[in-house]
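What follows is one structure encoded as structure tokens, with my remarks underneath.
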Amino acid sequence: MGGRDATMVLLDENGVRCDGRKIDETRRIMIKAGGLKNADGSAYIEFGDNKILVGVFGPRDVHPKHMSNTDTGILRVRYHMEPFSVGDRKNPAPSRREIEISKVIKEALEPAVMLEKFPRTAVDVFIEVLQADGGTRCAALTAASVALADAGIPMRDMVAAVASGKVADTIILDVNNEEDQAGQADMPIGYMPSLDKITLLQLDGVLTPEEYKKCVDVGVKGCKIVYELQKKALKDKYFGKGGD
Amino acid sequence: MDNKRKYVIPGDVVTTGPFRPEQNVILEGEKIISTAVGISEIYEDSVRVISLTGKYIPKIDDLVIGKVNSHTSLSWELDINSCYVGFLPAQDVFGRDFSAHADELATKLKTGDLVAARIANFDRTRDPLVTISDRDLGAIDSGVLVKISPSKVPRLIGKRGSMIQMIEMATNAAVTIGQNGWVVVSCETPEGLLKAKKAIEMVNQKAHVANLTDQIKEMLEIKDDET
């Protein structure tokens, strides 16, 4: 898929990965807050070859009414991949995978947002993946967090996310599509940097307890890098370039 | 006033120590953490963050501009640019001796009318209750509605009302500002109306600019010796 070399080496003897990165290096990340006029908050992220747009609405009325909660506001997340986001056309109907990712992103954002301030309302997060290249759930979660802050939803902390994994018996940071397909393990991590809490942790593959610990450490370090970029995106929008 | 101002985003630690958390901050152990994108202000015993985004959340005693959405035989429902609808009971307009069969609500306020109202009561269990029985409140019969972002209302008012007074003086317009971001401008001359409207929209767009007052002054063509 994507016309890349099928016989490539995932990690060569100099510790250089298939796309030229070092083992603890993320892909190029660009985050922009705002951009959508009609949404209450929005964000756009480019995470390597991933391109994701997020729009946030709310707090607003809940429809259907029976979903509303008198104690707290509710968070609704829709993760959706465009038909043109992958090599072969993707059916635009929500797939099993998209429904699962919507759920895990929702649950990763819930500890951060303070919706108990807005009972009987809903906050809707719409995530559109324009181009996918492995690690979309992390990129989407990162962008969703920026969009929520842009919408002015009170949050205890931002949520930054990145995946770590294991390729050629080595723990690496930020797994791309090739490493995800051919690698040994993939671990997406969502992390709140100021509160030092993990909100998302999944693992696909097999790791020893030592490798697991290292994988989490590497992932958390990566999240801190992503967090700095989230911070910059929001500060650029609200306080002008270099505002501090 | 000794207050260190700082730009913050959610999760930023504003300060640590024995302070009272006020607007848009939470206390997490020793740390005081911002929950919004905005400007932090530290006072002698309290800390607050002035949010730069977000929807209008009703507060008791706020003056708001509402638009009549619909009515039942006992009350009106007002759109107050919030996630909650404003609830205006008929007794508030007709007085104590209101009777549901004798009085027709549409005779006083029709759907689409603009109303200046005050939030009389609001808590998390029910929709905000508004009242129009006070001086300067009630149906608005003339003027143009300008919508701005609710988080920029304090900027439009300015320090002790300086900004809005300047606009009113320069254009001879009467401006009613609702805390919910809806503003009604009325003026005898169409030129003044347009000018005031333009000034308000400029405040909305350039709320973060430092020398905004001077820019507005320039646009309104006020000479320095006049003020």
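Identifiers for the structure tokens are assigned positionally: chains receive A, B, ... in sequence, residues are indexed from 1 per chain, and ligands are indexed from 1 in the order shown.
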Contact table chain B vs chain A, cut-off 6 Å, shortest pair per residue, only C-alpha atoms, as a Markdown table:
```
| residue | atom | partner | partner_atom | distance |
| --- | --- | --- | --- | --- |
| B:Pro10 | CA | A:Asp157 | CA | 5.2 |
| B:Gly11 | CA | A:Asp157 | CA | 3.8 |
| B:Thr35 | CA | A:Met155 | CA | 4.7 |
| B:Ala36 | CA | A:Pro154 | CA | 5.5 |
| B:Thr53 | CA | A:Gly152 | CA | 4.8 |
| B:Gly54 | CA | A:Gly152 | CA | 3.9 |
| B:Cys83 | CA | A:Arg60 | CA | 4.6 |
```
- Once DSSP has gone over the backbone, tell me which residues of segment 9-241 of chain A are in strand (DSSP E or B), as a PyMOL selection string. chain A and resi 11+17+29-33+41-47+50-61+74-81+113+121-131+155+160-167+170-173+185-192+197-201+204-205
- Query: Can you tell me how far atom CA of Lys31 of chain B sits from atom CA of Val14 of chain B, in Å to one decimal?
  - Reply: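 So the two atoms, atom CA of Lys31 of chain B and atom CA of Val14 of chain B, lie 7.7 Å apart.
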- Task: Check the smallest atom-to-atom distance from each of A:Leu141, A:Gly134, A:Lys197, A:Leu11 to Gln181 of chain A using only C-alpha atoms, then report the winner.
- Result: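 Result for the nearest residue to Gln181 of chain A: A:Gly134.
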- Message: Please determine, counting only C-alpha atoms, which residue among A:Glu107, A:Glu25, A:Glu46, A:Glu128 has the shortest atom-to-atom distance to His80 of chain A.
- Response: A:Glu128
